[in-house]
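See structure below.
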Amino acid sequence: MLSPFYVTLLNYIGLYALVALGLVLLTGVGGLTSFGQAAFVGLGAYTSAALTTATTLPGWIAWAGTSPWLALGVGLVLTAAVALILGSLTLKLSGHFLPLGTIAWGISLYFLFGTMESLGGHTGLTGIPPITLFGWTLDEGGEIYYLIWAFVLVAVLTTQNLLDSREGRAIRALKGGRVMAEAMGVDTARSRMIIFVIAALHACASGWLYAHMQRFVNPTPFGLHIGIE
């Protein structure tokens with residue numbers, strides 16, 4: 001019932017909402033600041049793009065034609081691993097050093113995407129196949145729209161359930177200060193890591209959807225300025 005312009009606009013709103021939901025959990029609820037979420041979006045997008053297309057690196061040819069759904073699984077596992085490593089280093093920081101740390105690894109991942117020849121450098125990767133669901137090829141904006149908003153709905157429901165749980169109450173306590181939370185028996189390091197990884201996974205899923213909606217990726221949408229935006 002809507003014109004292609006409004007459908008495309010709603011698709012982008014859904015993609016941004018998925019990333020923003022992770023930031024609501026990370027910053028709004030947990031009190032942590034991160035400017036590097038766009039890099040996690042890029043990690044999800046590039047992982048799927050590399051696995052579903054033949055890139056210039058010979059070793060990737062064997063993965064060419066991988067199902068986008070399998071690529072999503074690989075992307076989520078890879079993103080969780082990277083988030084655990086970065087979180088173990090970054091989340092030890094406090095005050096203004098924490099956002100500066102997230103800026104540092106956000107820029108690092110951005111330049112990694114642009115300098116790897118196997119990922120097309122700053123030119124990017126083309127020919128990314130559309131997502132297929134039950135034999136239905138989602139190659140138009142009006143078709144992938146439903147998948148994007150299904151992801152957003154699932155993310156909203158699971159996040160709400162998390163925040164209503166015992167673990168969620170511990171996460172809510174983080175915003176009041178680590179000392180107070182620890183005095184009440186909360187393992188703040190664990191809770192901070194949980195929301196950091198969940199926020200990264202939301203961003204990864206958004207990147208996967210973005211790559212298969214656009215059918216093309218390059219580093220520009222995953223830089224620091226987009227992370228701040």
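Order determines the names: the first chain of the structure tokens is A, the second B, and so forth; residues in each chain are numbered 1 upward, and ligands are numbered 1 upward as they are shown.
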**Message:** I need the helix (DSSP H, G or I) residues of range 7-206 of chain A per DSSP on the backbone, written as a PyMOL selection string.
**Reply:** chain A and resi 7-29+37-52+58-63+68-90+97-115+117-119+141-163+166-176+178-183+188-206
Residues of range 51-143 of chain A that have any atom at most 6 Å from an atom of range 198-221 of chain A: could you tabulate them with the shortest-distance atom pair and the distance in Å to one decimal, using only C-alpha atoms, ordered by chain and increasing number, as JSON lines?
```
{"residue": "A:Phe113", "atom": "CA", "partner": "A:Pro219", "partner_atom": "CA", "distance": 5.9}
{"residue": "A:Gly114", "atom": "CA", "partner": "A:Pro219", "partner_atom": "CA", "distance": 5.8}
{"residue": "A:Gly124", "atom": "CA", "partner": "A:Asn218", "partner_atom": "CA", "distance": 3.9}
{"residue": "A:Leu125", "atom": "CA", "partner": "A:Val217", "partner_atom": "CA", "distance": 5.4}
{"residue": "A:Thr126", "atom": "CA", "partner": "A:Phe216", "partner_atom": "CA", "distance": 4.6}
{"residue": "A:Ile128", "atom": "CA", "partner": "A:Arg215", "partner_atom": "CA", "distance": 4.6}
{"residue": "A:Pro130", "atom": "CA", "partner": "A:His212", "partner_atom": "CA", "distance": 5.2}
```
Convert the current residue selection to file output with all heavy atoms, as a short mmCIF file (atom, residue, chain, number, x, y, z; two decimals), in the first residue's frame.
```cif
data_model
loop_
_atom_site.label_atom_id
_atom_site.label_comp_id
_atom_site.auth_asym_id
_atom_site.auth_seq_id
_atom_site.Cartn_x
_atom_site.Cartn_y
_atom_site.Cartn_z
N PHE A 113 38.21 -3.43 7.57
CA PHE A 113 37.32 -3.70 6.44
C PHE A 113 37.85 -3.05 5.16
O PHE A 113 37.76 -3.62 4.07
CB PHE A 113 35.90 -3.16 6.72
CG PHE A 113 35.23 -3.76 7.91
CD1 PHE A 113 34.40 -2.99 8.72
CD2 PHE A 113 35.41 -5.09 8.24
CE1 PHE A 113 33.76 -3.54 9.82
CE2 PHE A 113 34.79 -5.64 9.35
CZ PHE A 113 33.97 -4.87 10.14
N GLY A 114 38.40 -1.84 5.28
CA GLY A 114 38.82 -1.08 4.11
C GLY A 114 40.17 -1.49 3.55
O GLY A 114 40.45 -1.22 2.37
N GLY A 124 34.60 -2.42 -1.80
CA GLY A 124 33.55 -3.26 -1.24
C GLY A 124 33.29 -4.53 -2.03
O GLY A 124 34.03 -4.87 -2.97
N LEU A 125 32.25 -5.23 -1.65
CA LEU A 125 31.87 -6.50 -2.28
C LEU A 125 30.51 -6.36 -2.93
O LEU A 125 29.58 -5.78 -2.35
CB LEU A 125 31.81 -7.62 -1.23
CG LEU A 125 33.12 -8.02 -0.56
CD1 LEU A 125 32.86 -9.02 0.56
CD2 LEU A 125 34.09 -8.63 -1.58
N THR A 126 30.38 -6.91 -4.12
CA THR A 126 29.10 -6.86 -4.84
C THR A 126 28.59 -8.29 -5.09
O THR A 126 29.28 -9.26 -4.80
CB THR A 126 29.26 -6.14 -6.19
OG1 THR A 126 30.26 -6.84 -6.98
CG2 THR A 126 29.70 -4.70 -5.99
N ILE A 128 26.05 -9.88 -3.72
CA ILE A 128 25.56 -10.62 -2.56
C ILE A 128 24.16 -11.15 -2.86
O ILE A 128 23.30 -10.38 -3.30
CB ILE A 128 25.52 -9.71 -1.31
CG1 ILE A 128 26.93 -9.17 -1.02
CG2 ILE A 128 24.98 -10.46 -0.10
CD1 ILE A 128 26.96 -8.11 0.07
N PRO A 130 20.27 -12.58 -2.50
CA PRO A 130 19.16 -12.27 -1.59
C PRO A 130 18.89 -13.42 -0.63
O PRO A 130 19.30 -14.56 -0.87
CB PRO A 130 17.99 -12.05 -2.54
CG PRO A 130 18.30 -12.90 -3.72
CD PRO A 130 19.79 -12.86 -3.87
#
```
**Asked** So which residues touch range 137-147 of chain A within 7 Å, counting only C-alpha atoms, skipping near sequence neighbours fewer than 6 positions away, as number ranges by chain?
**Response** A: 7-8, 11, 130-131
Wanna dump the range 113-227 of chain A-range 91-99 of chain A contacts at 12 Å for me, each residue with its shortest atom pair and the distance in Å to one decimal, counting only C-alpha atoms, ordered by chain and number, as a Markdown table?
```
| residue | atom | partner | partner_atom | distance |
| --- | --- | --- | --- | --- |
| A:Gly177 | CA | A:Ser94 | CA | 11.1 |
| A:Arg178 | CA | A:Ser94 | CA | 10.3 |
| A:Thr188 | CA | A:Leu91 | CA | 10.3 |
| A:Ala189 | CA | A:Leu91 | CA | 7.8 |
| A:Arg190 | CA | A:Leu91 | CA | 10.3 |
| A:Ser191 | CA | A:Leu91 | CA | 10.7 |
| A:Arg192 | CA | A:Leu91 | CA | 7.3 |
| A:Met193 | CA | A:Leu91 | CA | 7.5 |
| A:Ile194 | CA | A:Leu91 | CA | 11.1 |
| A:Ile195 | CA | A:Leu91 | CA | 11.0 |
| A:Phe196 | CA | A:Leu91 | CA | 8.7 |
| A:Val197 | CA | A:Leu91 | CA | 11.4 |
| A:Leu224 | CA | A:Pro99 | CA | 11.8 |
| A:Gly227 | CA | A:Pro99 | CA | 11.5 |
```
**Prompt:** For Thr90 in chain A, which residue among A:Thr53, A:Thr47, A:Thr33, A:Gln160 is the nearest when counting only C-alpha atoms?
**Reply:**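 Between A:Thr53, A:Thr47, A:Thr33, A:Gln160, the residue approaching Thr90 in chain A most closely is A:Thr33.
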**Prompt:** When distances are computed from only C-alpha atoms, which of A:Ile148, A:Val154, A:Ala50, A:Leu112 shows the smallest separation from Tyr12 in chain A?
**Reply:**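 The shortest atom-to-atom distance to Tyr12 in chain A comes from A:Ile148.
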